[in-house]
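Shown next: structure.cif, given as mmCIF, C-alpha atoms.
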data_model
loop_
_atom_site.label_atom_id
_atom_site.label_comp_id
_atom_site.auth_asym_id
_atom_site.auth_seq_id
_atom_site.Cartn_x
_atom_site.Cartn_y
_atom_site.Cartn_z
CA MET B 4 25.18 66.32 48.14
CA PRO B 5 28.47 64.64 49.01
CA GLU B 6 28.05 61.73 46.61
CA LEU B 7 27.99 64.09 43.65
CA LEU B 8 31.38 65.46 44.60
CA ASN B 9 32.82 62.02 45.21
CA PRO B 10 32.12 59.76 42.22
CA GLN B 11 33.20 56.50 43.90
CA GLU B 12 32.50 56.93 47.58
CA LYS B 13 34.64 55.09 50.12
CA LEU B 14 32.73 53.09 52.69
CA THR B 15 32.62 55.06 55.96
CA PRO B 16 30.20 55.07 58.89
CA ASP B 17 28.82 58.23 57.34
CA THR B 18 27.63 56.22 54.31
CA PHE B 19 25.10 54.59 56.63
CA LEU B 20 24.47 57.41 59.10
CA ARG B 21 23.64 60.04 56.47
CA GLY B 22 20.26 58.42 55.91
CA LEU B 23 19.49 58.53 59.61
CA TRP B 24 20.24 62.16 60.30
CA GLN B 25 22.00 64.44 57.81
CA GLU B 26 19.90 63.35 54.81
CA ASN B 27 16.95 61.73 56.57
CA PRO B 28 14.43 61.10 53.79
CA VAL B 29 11.44 62.32 55.81
CA PHE B 30 12.67 64.99 58.21
CA VAL B 31 15.33 66.59 55.98
CA MET B 32 14.57 65.76 52.34
CA LEU B 33 10.77 65.63 52.86
CA LEU B 34 10.43 62.79 50.38
CA GLY B 35 7.77 60.09 50.38
CA MET B 36 5.28 62.19 52.35
CA CYS B 37 2.27 60.23 51.09
CA PRO B 38 2.84 57.02 53.11
CA VAL B 39 4.38 59.06 55.94
CA LEU B 40 1.08 60.84 56.53
CA ALA B 41 -1.31 58.11 55.49
CA VAL B 42 -0.27 54.89 57.20
CA THR B 43 1.25 56.14 60.44
CA SER B 44 -1.98 56.01 62.43
CA THR B 45 -0.63 53.03 64.39
CA THR B 46 2.85 51.92 65.35
CA LEU B 47 2.44 48.51 63.75
CA ASN B 48 1.41 50.01 60.40
CA ALA B 49 4.37 52.37 60.57
CA ILE B 50 6.81 49.52 61.22
CA ALA B 51 5.33 47.37 58.44
CA MET B 52 5.38 50.23 55.95
CA GLY B 53 8.94 51.17 56.93
CA LEU B 54 10.20 47.61 56.56
CA ALA B 55 8.42 47.12 53.23
CA THR B 56 9.90 50.34 51.87
CA THR B 57 13.36 49.43 53.18
CA PHE B 58 13.18 46.03 51.48
CA VAL B 59 12.21 47.57 48.14
CA LEU B 60 14.81 50.32 48.54
CA VAL B 61 17.69 47.96 49.34
CA CYS B 62 16.83 45.31 46.73
CA SER B 63 16.20 47.72 43.88
CA SER B 64 19.28 49.80 44.73
CA LEU B 65 21.43 46.67 44.72
CA LEU B 66 20.11 45.49 41.38
CA ILE B 67 20.50 48.96 39.87
CA SER B 68 24.03 49.24 41.20
CA LEU B 69 24.83 45.80 39.78
CA LEU B 70 23.50 46.76 36.34
CA ARG B 71 24.75 50.37 36.42
CA ASN B 72 27.29 49.98 33.63
CA TRP B 73 24.81 48.09 31.52
CA ILE B 74 21.85 50.50 31.54
CA PRO B 75 22.04 53.18 28.80
CA LYS B 76 21.33 56.67 30.05
CA GLN B 77 18.28 57.07 27.75
CA VAL B 78 16.33 54.19 29.24
CA ARG B 79 17.54 54.45 32.82
CA ILE B 80 14.30 55.79 34.36
CA ALA B 81 12.23 53.12 32.62
CA SER B 82 14.65 50.45 33.83
CA TYR B 83 14.56 51.77 37.41
CA ILE B 84 10.77 51.84 37.44
CA VAL B 85 10.52 48.23 36.20
CA ILE B 86 13.05 47.07 38.80
CA ILE B 87 11.32 48.96 41.63
CA ALA B 88 7.88 47.73 40.53
CA THR B 89 9.15 44.14 40.60
CA PHE B 90 10.20 44.37 44.21
CA VAL B 91 7.00 46.21 45.17
CA THR B 92 4.97 43.35 43.69
CA ILE B 93 7.08 40.87 45.65
CA VAL B 94 6.48 42.81 48.88
CA ASP B 95 2.77 42.99 48.07
CA TYR B 96 2.51 39.19 47.85
CA ALA B 97 4.75 38.74 50.88
CA ILE B 98 2.56 40.94 53.10
CA GLN B 99 -0.57 39.11 51.94
CA ALA B 100 1.16 35.88 52.88
CA ILE B 101 2.20 37.22 56.28
CA SER B 102 -1.09 38.80 57.36
CA LEU B 103 -4.20 39.78 55.44
CA GLU B 104 -5.28 42.10 58.27
CA LEU B 105 -2.04 44.04 57.95
CA TYR B 106 -2.50 44.08 54.18
CA ALA B 107 -5.98 45.57 54.59
CA ALA B 108 -4.68 48.18 57.05
CA LEU B 109 -1.95 49.35 54.68
CA GLY B 110 -4.33 49.41 51.73
CA ALA B 111 -3.12 50.90 48.48
CA PHE B 112 0.02 52.30 50.05
CA ILE B 113 1.95 49.08 49.49
CA GLN B 114 1.47 49.35 45.74
CA LEU B 115 2.25 53.07 45.96
CA ILE B 116 5.79 52.33 47.19
CA VAL B 117 6.58 52.12 43.48
CA VAL B 118 6.27 55.90 43.16
CA ASN B 119 8.02 56.67 46.45
CA CYS B 120 10.56 59.37 45.63
CA VAL B 121 12.98 58.08 48.26
CA ILE B 122 13.58 54.96 46.19
CA LEU B 123 13.77 56.54 42.76
CA GLY B 124 15.91 59.31 44.26
CA ARG B 125 18.37 56.76 45.68
CA ALA B 126 18.47 54.93 42.35
CA GLU B 127 19.19 58.08 40.38
CA ALA B 128 21.49 59.89 42.80
CA TYR B 129 23.39 57.02 44.34
CA ALA B 130 22.91 53.42 43.18
CA SER B 131 23.45 54.23 39.50
CA LYS B 132 26.89 55.68 40.26
CA GLN B 133 28.25 53.75 43.23
CA ARG B 134 29.70 50.32 43.85
CA LEU B 135 27.64 47.47 45.24
CA HIS B 136 28.79 47.47 48.86
CA THR B 137 28.50 51.22 49.42
CA THR B 138 25.07 51.14 47.77
CA LEU B 139 23.97 48.38 50.15
CA VAL B 140 25.11 50.32 53.21
CA ASN B 141 23.75 53.65 52.00
CA SER B 142 20.32 52.37 50.98
CA LEU B 143 20.06 50.41 54.23
CA GLY B 144 20.77 53.65 56.10
CA MET B 145 18.11 55.48 54.13
CA GLY B 146 15.63 52.67 54.77
CA VAL B 147 16.32 52.66 58.49
CA GLY B 148 16.03 56.47 58.52
CA PHE B 149 12.67 56.25 56.77
CA THR B 150 11.45 53.52 59.13
CA LEU B 151 12.52 55.48 62.21
CA ALA B 152 10.74 58.57 60.91
CA LEU B 153 7.53 56.58 60.31
CA LEU B 154 7.90 55.10 63.77
CA ALA B 155 8.33 58.57 65.29
CA LEU B 156 5.00 59.60 63.77
CA GLY B 157 3.20 56.33 64.31
CA THR B 158 4.07 56.04 67.99
CA VAL B 159 2.99 59.57 68.85
CA ARG B 160 -0.23 59.27 66.85
CA GLU B 161 -1.21 55.91 68.30
CA VAL B 162 -0.46 56.92 71.89
CA LEU B 163 -2.35 60.22 71.67
CA GLY B 164 -5.11 59.17 69.28
CA ASN B 165 -5.92 55.72 70.61
CA GLY B 166 -4.28 55.57 74.04
CA THR B 167 -2.41 52.41 73.08
CA LEU B 168 1.08 51.39 72.01
CA LEU B 169 1.25 48.42 69.63
CA GLY B 170 -2.33 47.69 70.68
CA ILE B 171 -1.55 47.63 74.42
CA PRO B 172 -3.61 50.17 76.42
CA LEU B 173 -1.41 52.65 78.28
CA PHE B 174 -3.69 54.92 80.25
CA GLY B 175 -6.51 52.78 81.61
CA PRO B 176 -10.21 52.94 80.78
CA ASP B 177 -10.76 56.60 81.74
CA PHE B 178 -8.51 57.94 78.99
CA GLN B 179 -10.42 59.87 76.35
CA PRO B 180 -8.43 59.37 73.12
CA TRP B 181 -7.44 62.44 71.18
CA LEU B 182 -9.16 61.19 68.05
CA VAL B 183 -7.92 63.84 65.66
CA MET B 184 -4.43 62.37 65.98
CA ILE B 185 -5.32 59.19 64.08
CA LEU B 186 -7.29 61.15 61.48
CA PRO B 187 -5.42 62.73 58.54
CA PRO B 188 -5.07 66.19 60.18
CA GLY B 189 -3.26 64.54 63.09
CA GLY B 190 -0.64 63.28 60.64
CA PHE B 191 0.10 66.82 59.56
CA PHE B 192 0.18 68.08 63.16
CA VAL B 193 2.62 65.45 64.34
CA LEU B 194 4.82 65.78 61.24
CA GLY B 195 4.90 69.54 61.76
CA VAL B 196 6.00 69.20 65.37
CA TRP B 197 8.73 66.69 64.47
CA LEU B 198 9.99 68.95 61.67
CA LEU B 199 10.08 71.86 64.09
CA LEU B 200 12.12 69.82 66.55
CA PHE B 201 14.53 68.56 63.89
CA ASN B 202 15.13 71.96 62.37
CA TRP B 203 15.61 73.53 65.78
CA LEU B 204 18.23 70.90 66.65
CA ARG B 205 20.01 71.39 63.34
CA GLN B 206 20.03 75.14 63.64
CA SER B 207 21.27 75.16 67.19
CA LYS B 208 24.10 72.84 66.02
CA VAL B 209 24.97 75.29 63.23
CA ARG B 210 24.87 78.18 65.69
CA ARG B 211 27.16 76.39 68.13
CA ALA B 212 29.63 75.57 65.36
CA ALA B 213 29.58 79.21 64.25
CA GLN B 214 30.25 80.41 67.80
CA PHE B 215 33.33 78.22 68.07
CA SER B 216 34.77 79.30 64.73
CA GLY B 217 33.76 82.93 65.17
CA ALA B 218 32.05 83.04 61.78
CA PRO B 219 28.73 84.90 61.41
CA VAL B 220 25.63 82.84 62.16
CA ASP B 221 23.78 81.46 59.15
CA ALA B 222 20.30 82.75 59.83
CA ARG B 223 18.49 80.18 57.74
CA MET A 20 19.13 71.02 10.36
CA THR A 21 20.38 71.53 13.92
CA THR A 22 18.14 68.80 15.29
CA GLU A 23 19.65 66.29 12.87
CA VAL A 24 23.11 67.21 14.00
CA GLN A 25 22.10 66.70 17.62
CA ILE A 26 20.44 63.38 17.12
CA GLN A 27 23.16 61.69 15.07
CA PRO A 28 26.02 61.55 17.60
CA ARG A 29 23.64 60.39 20.34
CA ALA A 30 22.36 57.57 18.18
CA ALA A 31 25.93 56.58 17.53
CA THR A 32 26.88 56.39 21.23
CA THR A 33 23.91 54.26 22.33
CA PRO A 34 22.69 51.91 19.62
CA ALA A 35 19.07 50.88 19.78
CA TRP A 36 19.95 47.26 20.45
CA ALA A 37 21.67 48.25 23.70
CA MET A 38 18.44 49.81 24.95
CA LEU A 39 16.42 46.85 23.74
CA ARG A 40 18.84 44.44 25.37
CA THR A 41 18.66 46.32 28.67
CA LEU A 42 14.90 46.76 28.83
CA GLY A 43 14.28 43.23 27.56
CA GLY A 44 16.74 41.76 30.04
CA ILE A 45 15.31 43.69 32.97
CA ALA A 46 11.75 42.77 32.00
CA LEU A 47 12.81 39.11 31.83
CA ILE A 48 14.42 39.15 35.29
CA SER A 49 11.41 41.03 36.64
CA GLY A 50 8.89 38.60 35.18
CA LEU A 51 10.82 35.63 36.49
CA LEU A 52 11.05 37.04 40.02
CA VAL A 53 7.38 38.00 40.19
CA ALA A 54 6.25 34.62 38.82
CA LEU A 55 8.42 32.78 41.36
CA VAL A 56 7.12 34.79 44.31
CA TYR A 57 3.53 34.48 43.07
CA GLN A 58 3.79 30.69 42.81
CA PHE A 59 5.39 30.48 46.23
CA THR A 60 2.90 32.72 48.08
CA LEU A 61 -0.31 31.62 46.33
CA PRO A 62 -1.14 28.68 48.62
CA ILE A 63 -0.16 30.67 51.74
CA ILE A 64 -2.43 33.57 50.77
CA ALA A 65 -5.33 31.20 50.00
CA GLU A 66 -4.86 29.57 53.40
CA ASN A 67 -4.78 33.01 55.11
CA GLN A 68 -8.01 33.94 53.35
CA ARG A 69 -9.65 30.70 54.49
CA VAL A 70 -8.54 31.20 58.12
CA LEU A 71 -9.75 34.80 58.09
CA THR A 72 -13.20 33.84 56.77
CA GLU A 73 -13.43 30.97 59.24
CA LYS A 74 -12.51 33.28 62.12
CA ALA A 75 -15.22 35.75 61.07
CA VAL A 76 -17.83 32.98 60.72
CA PHE A 77 -16.98 31.53 64.15
CA ARG A 78 -17.16 35.00 65.64
CA VAL A 79 -20.67 35.81 64.38
CA LEU A 80 -21.84 32.29 65.25
CA PRO A 81 -20.30 31.50 68.65
CA GLY A 82 -20.05 27.81 69.48
CA ALA A 83 -19.51 26.72 65.89
CA VAL A 84 -16.62 24.34 65.26
CA GLY A 85 -17.18 23.40 61.63
CA LYS A 86 -17.83 25.40 58.49
CA ARG A 87 -19.07 24.41 55.05
CA ASP A 88 -19.27 26.72 52.05
CA PHE A 89 -22.28 26.97 49.76
CA VAL A 90 -23.04 29.06 46.71
CA ILE A 91 -26.34 30.63 45.72
CA THR A 92 -27.13 29.10 42.33
CA PRO A 93 -28.63 31.14 39.46
CA GLU A 94 -31.94 29.26 40.03
CA GLY A 95 -32.15 30.72 43.54
CA GLY A 96 -31.20 27.58 45.43
CA LEU A 97 -28.08 26.43 47.25
CA ALA A 98 -25.33 24.11 46.16
CA PRO A 99 -22.16 23.01 47.97
CA ALA A 100 -19.27 25.20 46.90
CA GLU A 101 -17.03 22.93 44.89
CA ALA A 102 -14.50 23.65 42.23
CA GLY A 103 -16.33 25.17 39.30
CA ALA A 104 -19.35 26.39 41.28
CA SER A 105 -19.89 30.12 40.95
CA GLY A 106 -22.17 32.57 42.73
CA ASP A 107 -22.32 34.40 46.05
CA LEU A 108 -20.87 32.40 48.92
CA ILE A 109 -22.66 31.69 52.16
CA TYR A 110 -21.18 29.74 55.03
CA GLY A 111 -22.94 27.10 57.11
CA ALA A 112 -21.70 26.80 60.69
CA TYR A 113 -22.02 23.51 62.58
CA ASP A 114 -21.47 22.40 66.16
CA ALA A 115 -19.44 19.36 67.25
CA GLU A 116 -22.35 16.96 66.52
CA GLY A 117 -22.73 18.35 63.01
CA ARG A 118 -25.98 20.19 63.72
CA LEU A 119 -26.57 23.42 61.79
CA LEU A 120 -26.12 26.39 64.15
CA GLY A 121 -26.75 29.10 61.63
CA LEU A 122 -25.47 30.66 58.46
CA ALA A 123 -23.02 33.44 57.81
CA ILE A 124 -24.07 35.73 54.97
CA THR A 125 -22.31 38.82 53.67
CA GLY A 126 -23.58 42.10 52.31
CA SER A 127 -22.34 45.61 51.77
CA GLY A 128 -23.70 49.14 51.86
CA PRO A 129 -22.28 52.55 51.00
CA GLY A 130 -20.78 54.18 54.10
CA TYR A 131 -19.26 57.54 54.89
CA ALA A 132 -15.94 56.67 53.21
CA GLY A 133 -16.45 53.79 50.82
CA PRO A 134 -18.39 50.53 51.08
CA VAL A 135 -18.95 48.81 54.41
CA LYS A 136 -18.76 45.04 54.04
CA VAL A 137 -20.41 43.10 56.84
CA MET A 138 -20.88 39.46 57.75
CA PHE A 139 -24.21 38.58 59.42
CA ALA A 140 -25.32 35.46 61.23
CA TYR A 141 -28.70 34.17 60.09
CA ASP A 142 -30.62 31.70 62.21
CA PRO A 143 -33.22 29.73 60.17
CA SER A 144 -35.09 28.62 63.31
CA CYS A 145 -36.17 32.18 64.19
CA ASP A 146 -35.92 33.66 60.68
CA CYS A 147 -33.74 36.39 62.03
CA ILE A 148 -30.27 37.88 61.98
CA THR A 149 -28.44 37.10 65.22
CA GLY A 150 -25.03 38.67 64.88
CA SER A 151 -22.78 40.91 62.83
CA LYS A 152 -19.14 41.66 62.17
CA VAL A 153 -17.74 44.36 59.92
CA LEU A 154 -15.31 42.76 57.47
CA GLN A 155 -14.13 45.88 55.69
CA SER A 156 -14.77 49.59 56.20
CA ASN A 157 -13.01 52.93 55.99
CA GLU A 158 -15.36 54.67 58.40
CA THR A 159 -14.03 57.48 60.59
CA PRO A 160 -12.26 56.14 63.68
CA GLY A 161 -14.22 56.96 66.84
CA PHE A 162 -17.57 57.29 65.06
CA GLY A 163 -18.11 54.81 62.25
CA ASP A 164 -16.02 52.09 63.83
CA LYS A 165 -18.56 51.85 66.66
CA LEU A 166 -20.50 49.51 64.34
CA ASP A 167 -18.63 46.56 65.81
CA PHE A 168 -18.39 47.68 69.44
CA ASP A 169 -21.28 49.95 70.52
CA PRO A 170 -23.30 47.70 72.90
CA ASP A 171 -26.60 49.50 72.23
CA PHE A 172 -26.14 49.21 68.49
CA LEU A 173 -25.21 45.53 68.69
CA LYS A 174 -28.54 44.87 70.49
CA ASN A 175 -30.16 45.50 67.09
CA PHE A 176 -28.55 42.33 65.82
CA GLU A 177 -29.66 40.03 68.61
CA ALA A 178 -32.87 39.15 66.78
CA LEU A 179 -33.29 41.29 63.69
CA ASP A 180 -36.38 40.12 61.87
CA ALA A 181 -35.71 38.73 58.37
CA ARG A 182 -38.93 36.77 57.62
CA LEU A 183 -39.82 36.06 54.00
CA ASP A 184 -43.03 37.18 52.35
CA ALA A 185 -45.74 34.70 51.29
CA ALA A 186 -44.10 34.02 47.91
CA GLY A 187 -40.78 33.24 49.56
CA THR A 188 -38.75 35.34 47.15
CA ALA A 189 -38.07 38.46 49.23
CA LEU A 190 -38.19 39.70 52.80
CA ALA A 191 -41.65 40.44 54.19
CA ASN A 192 -40.26 43.69 55.59
CA ALA A 193 -37.11 45.24 54.19
CA ILE A 194 -34.51 45.87 56.89
CA VAL A 195 -34.07 49.61 57.42
CA THR A 196 -32.08 51.86 59.71
CA VAL A 197 -34.14 54.41 61.64
CA LYS A 198 -33.18 57.48 63.63
CA HIS A 199 -31.75 56.83 67.07
CA GLY A 200 -34.46 56.04 69.58
CA THR A 201 -37.31 55.52 67.10
CA LYS A 202 -37.03 51.75 66.57
CA SER A 203 -40.52 50.27 66.84
CA GLU A 204 -40.49 47.14 64.66
CA PRO A 205 -38.23 44.06 64.88
CA TRP A 206 -36.91 44.64 61.35
CA GLN A 207 -35.65 48.13 62.12
CA ILE A 208 -32.12 49.08 63.17
CA ASP A 209 -31.67 51.83 65.74
CA ALA A 210 -28.92 54.14 64.43
CA ILE A 211 -25.93 55.29 66.47
CA THR A 212 -26.14 58.99 67.30
CA GLY A 213 -23.44 60.82 65.35
CA ALA A 214 -22.80 57.90 63.01
CA THR A 215 -26.06 57.85 61.08
CA ILE A 216 -24.47 57.29 57.68
CA SER A 217 -22.41 54.35 58.92
CA SER A 218 -25.50 52.92 60.66
CA LYS A 219 -27.47 53.27 57.43
CA ALA A 220 -24.70 51.46 55.55
CA MET A 221 -25.03 48.65 58.07
CA GLY A 222 -28.80 48.52 57.46
CA ARG A 223 -28.34 48.42 53.70
CA ALA A 224 -25.72 45.71 54.07
CA ALA A 225 -28.09 43.65 56.24
CA ASN A 226 -30.94 44.14 53.79
CA SER A 227 -28.86 43.24 50.73
CA ALA A 228 -27.40 40.19 52.45
CA ALA A 229 -30.78 38.95 53.65
CA GLN A 230 -32.70 39.72 50.43
CA ARG A 231 -30.18 37.71 48.45
CA ALA A 232 -29.43 34.80 50.74
CA VAL A 233 -32.52 34.13 52.87
CA PRO A 234 -34.85 33.02 50.03
CA ALA A 235 -32.20 30.54 48.89
CA ILE A 236 -31.56 29.32 52.43
CA GLU A 237 -35.25 28.76 53.19
CA ARG A 238 -35.75 26.97 49.86
CA ASP A 239 -32.84 24.58 50.27
CA LEU A 240 -32.66 24.10 54.03
CA ALA A 241 -32.34 20.35 53.39
CA VAL A 242 -29.04 20.86 51.55
CA LEU A 243 -27.67 22.68 54.58
CA THR A 244 -28.69 20.12 57.19
CA SER A 245 -27.76 16.99 55.20
CA PRO A 246 -24.31 15.55 55.95
CA PRO A 247 -21.60 16.42 53.45
CA SER A 248 -21.26 14.03 50.53
CA PRO A 249 -18.00 12.12 50.67
#
Whole structure given in structure tokens:
Amino acid sequence: MPELLNPQEKLTPDTFLRGLWQENPVFVMLLGMCPVLAVTSTTLNAIAMGLATTFVLVCSSLLISLLRNWIPKQVRIASYIVIIATFVTIVDYAIQAISLELYAALGAFIQLIVVNCVILGRAEAYASKQRLHTTLVNSLGMGVGFTLALLALGTVREVLGNGTLLGIPLFGPDFQPWLVMILPPGGFFVLGVWLLLFNWLRQSKVRRAAQFSGAPVDAR
Amino acid sequence: MTTEVQIQPRAATTPAWAMLRTLGGIALISGLLVALVYQFTLPIIAENQRVLTEKAVFRVLPGAVGKRDFVITPEGGLAPAEAGASGDLIYGAYDAEGRLLGLAITGSGPGYAGPVKVMFAYDPSCDCITGSKVLQSNETPGFGDKLDFDPDFLKNFEALDARLDAAGTALANAIVTVKHGTKSEPWQIDAITGATISSKAMGRAANSAAQRAVPAIERDLAVLTSPPSP
């Protein structure tokens, strides 16, 4: 990972964009699969979950970055968990205040943000070593990347499994919804297809780069 | 011997008070933040809860414009739900002139994937259940969620018999779900084909709601129809 090689990263567009593509938490790092599969049965749930996770990610990363010189190595994980849990509790109350129906739809997965590896991973690998402004930009990028990935799943699953997008019917009354798509197996199907697409794109990029430089193709 | 050697320099670099200071400080900030947010959102969440219940009550009892809450007292009667009153809640729904339209009662039954919580409308003039709305369920989409939408199934709740027995303490006939197409009595619920377990959960919910609330309602009908005390 680049941030390990560069102890104090300079702020570049890449700081933000890494989370979207190169190190996308869902499609590349395969972190946080539990909410990715569980709450993406509708677009709205996916957006809400993505935003909630982004909020927790950004706030906890900022606080950890702020306190990074103050947290002894031995108690760092405990400190991170308490900080993350605080923001998860805040999000939990906030969603209840915004809409109880949304809260019921997301179920236990709001509280489970606390064990989302994307957040703890950012805290350990980035926020605890980097300055405040790069941490803000980087964690925001990761959050947006996570939200987009949830949206990619949620949209496909809602359109195929329910025939609607954000609750608006798309195909008219004769459409027979492809129910399995909003059931748990559908989550795995759609995730699998997206992963296939992403890896194919990445590999064809690698192959093109290899053709230009004349180096042998990395057959990963 | 070697372990001692390893522990000593580490203890020297990070004294215990530094860890205590950090964890204590973080816990303090955390507690403060959570308490602040809790205090701020508490009234908003309570208001959301009230609106959600009211919406459900007005949906099972169309035409209602007012709602009053009552609790079932330990003696088996009804009392207005005020601060300090405890017990199962039932909701009285009133029209614009303040006449009692019906009551919303809640019950739950075990479904295919966890409990199914349902709100029913009870009409004291016909001693029957006249409407239903699922409040909470994890039933399979496409099968179990028909409970709220299947027109044939909803016909069961147009006039589901919930008469009391002679003693007035329980239903004369327990509400049961029967196999699709075999409904023969007014207290039976015709199941949805392919969603028998969810339909049974609905029947159990109706039975539990009615068994608990109807005796109290019939005993204290006067409390429900009298105007609210100022």
Where does chain A meet chain B within 8 Å, residue by residue, with the nearest atom pair and distance in Å to one decimal for each, counting only C-alpha atoms, listed by chain and rising number, as CSV?
residue,atom,partner,partner_atom,distance
A:Thr33,CA,B:Pro75,CA,6.8
A:Ala37,CA,B:Pro75,CA,7.1
A:Met38,CA,B:Pro75,CA,6.3
A:Thr41,CA,B:Ile74,CA,6.0
A:Leu42,CA,B:Ser82,CA,6.2
A:Ile45,CA,B:Ser82,CA,6.8
A:Ala46,CA,B:Val85,CA,7.0
A:Ser49,CA,B:Thr89,CA,5.5
A:Gly50,CA,B:Thr89,CA,7.8
A:Leu52,CA,B:Thr89,CA,7.4
A:Val53,CA,B:Ile93,CA,6.2
A:Val56,CA,B:Ile93,CA,6.2
A:Tyr57,CA,B:Tyr96,CA,6.8
A:Thr60,CA,B:Ala100,CA,6.0
A:Leu61,CA,B:Ala100,CA,8.0
A:Ile63,CA,B:Ala100,CA,5.5
A:Ile64,CA,B:Ala100,CA,4.8
A:Asn67,CA,B:Leu103,CA,6.8
A:Gln68,CA,B:Leu103,CA,7.3
A:Leu71,CA,B:Leu103,CA,7.9
A:Thr159,CA,B:Leu186,CA,7.7
A:Pro160,CA,B:Leu182,CA,7.4
A:Gly161,CA,B:Leu182,CA,6.7
*Written as a count of residues only, what is the full residue list that the PyMOL selection byres ((chain B and resi 24) around 12) yields on the file shown?*
27
*Using only C-alpha atoms, pick whichever of A:Asp180, A:Glu158, A:Asp142, A:Glu94 has the shortest atom-to-atom distance to Asn226 (chain A).*
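Going through A:Asp180, A:Glu158, A:Asp142, A:Glu94 one by one, the smallest distance to Asn226 (chain A) is for A:Asp180.
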*What residues come out when you apply the PyMOL selection byres ((chain A and resi 210-216) around 8) to this file, written as a list in words?*
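For this structure, the PyMOL selection byres ((chain A and resi 210-216) around 8) captures Gly130, Tyr131, Phe162, Gly163, Phe172, Thr196, Val197, Lys198, His199, Gly200, Ile208, Asp209, Ser217, Ser218, Lys219 and Ala220 of chain A.
Among the candidates A:Gly44, A:Pro170, A:Gly82, A:Gly96, the one nearest to Asp114 (chain A) when counting all atoms listed in the file is A:Gly82.
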Long-range neighbours of Phe112 (chain B) as a PDB file with C-alpha atoms, in the frame of the given file, 10 Å cut-off, all atoms listed in the file, 5 positions minimum in chain:
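Writing done, so here's result23.pdb:
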ATOM      1  CA  CYS B  37       2.270  60.230  51.090  1.00  0.00           C
ATOM      2  CA  PRO B  38       2.840  57.020  53.110  1.00  0.00           C
ATOM      3  CA  VAL B  39       4.380  59.060  55.940  1.00  0.00           C
ATOM      4  CA  ALA B  41      -1.310  58.110  55.490  1.00  0.00           C
ATOM      5  CA  VAL B  42      -0.270  54.890  57.200  1.00  0.00           C
ATOM      6  CA  MET B  52       5.380  50.230  55.950  1.00  0.00           C
ATOM      7  CA  ASP B  95       2.770  42.990  48.070  1.00  0.00           C
ATOM      8  CA  TYR B 106      -2.500  44.080  54.180  1.00  0.00           C
ATOM      9  CA  VAL B 117       6.580  52.120  43.480  1.00  0.00           C
ATOM     10  CA  VAL B 118       6.270  55.900  43.160  1.00  0.00           C
ATOM     11  CA  ASN B 119       8.020  56.670  46.450  1.00  0.00           C
TER      12      ASN B 119
END
Protein/DNA/RNA residues near (16.2, 56.5, 47.5), cut 6 Å, all atoms listed in the file, as a PDB file with C-alpha atoms, in the coordinates of the input:
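Once written, out_32.pdb looks like this:
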ATOM      1  CA  VAL B 121      12.980  58.080  48.260  1.00  0.00           C
ATOM      2  CA  ILE B 122      13.580  54.960  46.190  1.00  0.00           C
ATOM      3  CA  LEU B 123      13.770  56.540  42.760  1.00  0.00           C
ATOM      4  CA  GLY B 124      15.910  59.310  44.260  1.00  0.00           C
ATOM      5  CA  ARG B 125      18.370  56.760  45.680  1.00  0.00           C
ATOM      6  CA  ALA B 126      18.470  54.930  42.350  1.00  0.00           C
TER       7      ALA B 126
END
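Here CA of Gly85 (chain A) stands at a distance of 13.7 Å from CA of Ile109 (chain A).
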*Name all residues at most 7 Å from region 144-156 of chain A (count all atoms listed in the file; drop same-chain ones fewer than 2 positions away) and give them as JSON, numbers by chain.*
{"A": [79, 134, 135, 136, 137, 138, 139, 140, 141, 142, 158, 167, 176, 177, 178, 179, 180, 181, 182]}
*Polymer residues at most 9 Å from Asn48 (chain B), all atoms listed in the file, same-chain spacing of 6 or more positions, as JSON, numbers by chain*: {"B": [42, 105, 108, 109, 153, 154, 157]}
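For the atom pair formed by CA of Val90 (chain A) and CA of Gly111 (chain A), the distance is 10.6 Å, given to one decimal.
Non-sequential neighbours of Ala241 (chain A) (distance at most 12 Å, separation of 5 or more positions within a chain, all atoms listed in the file) are Gly96, Leu97, Ala98, Pro99, Leu119, Pro143, Ala235, Ile236, Pro246 and Pro247 of chain A.
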*Fewer than 4 positions away in the same chain doesn't count, so skip those; otherwise give me all residues within 8 Å of region 167-173 of chain B, counting all atoms listed in the file, as a ChimeraX atom specification.*
/B:45-47,158,161-163
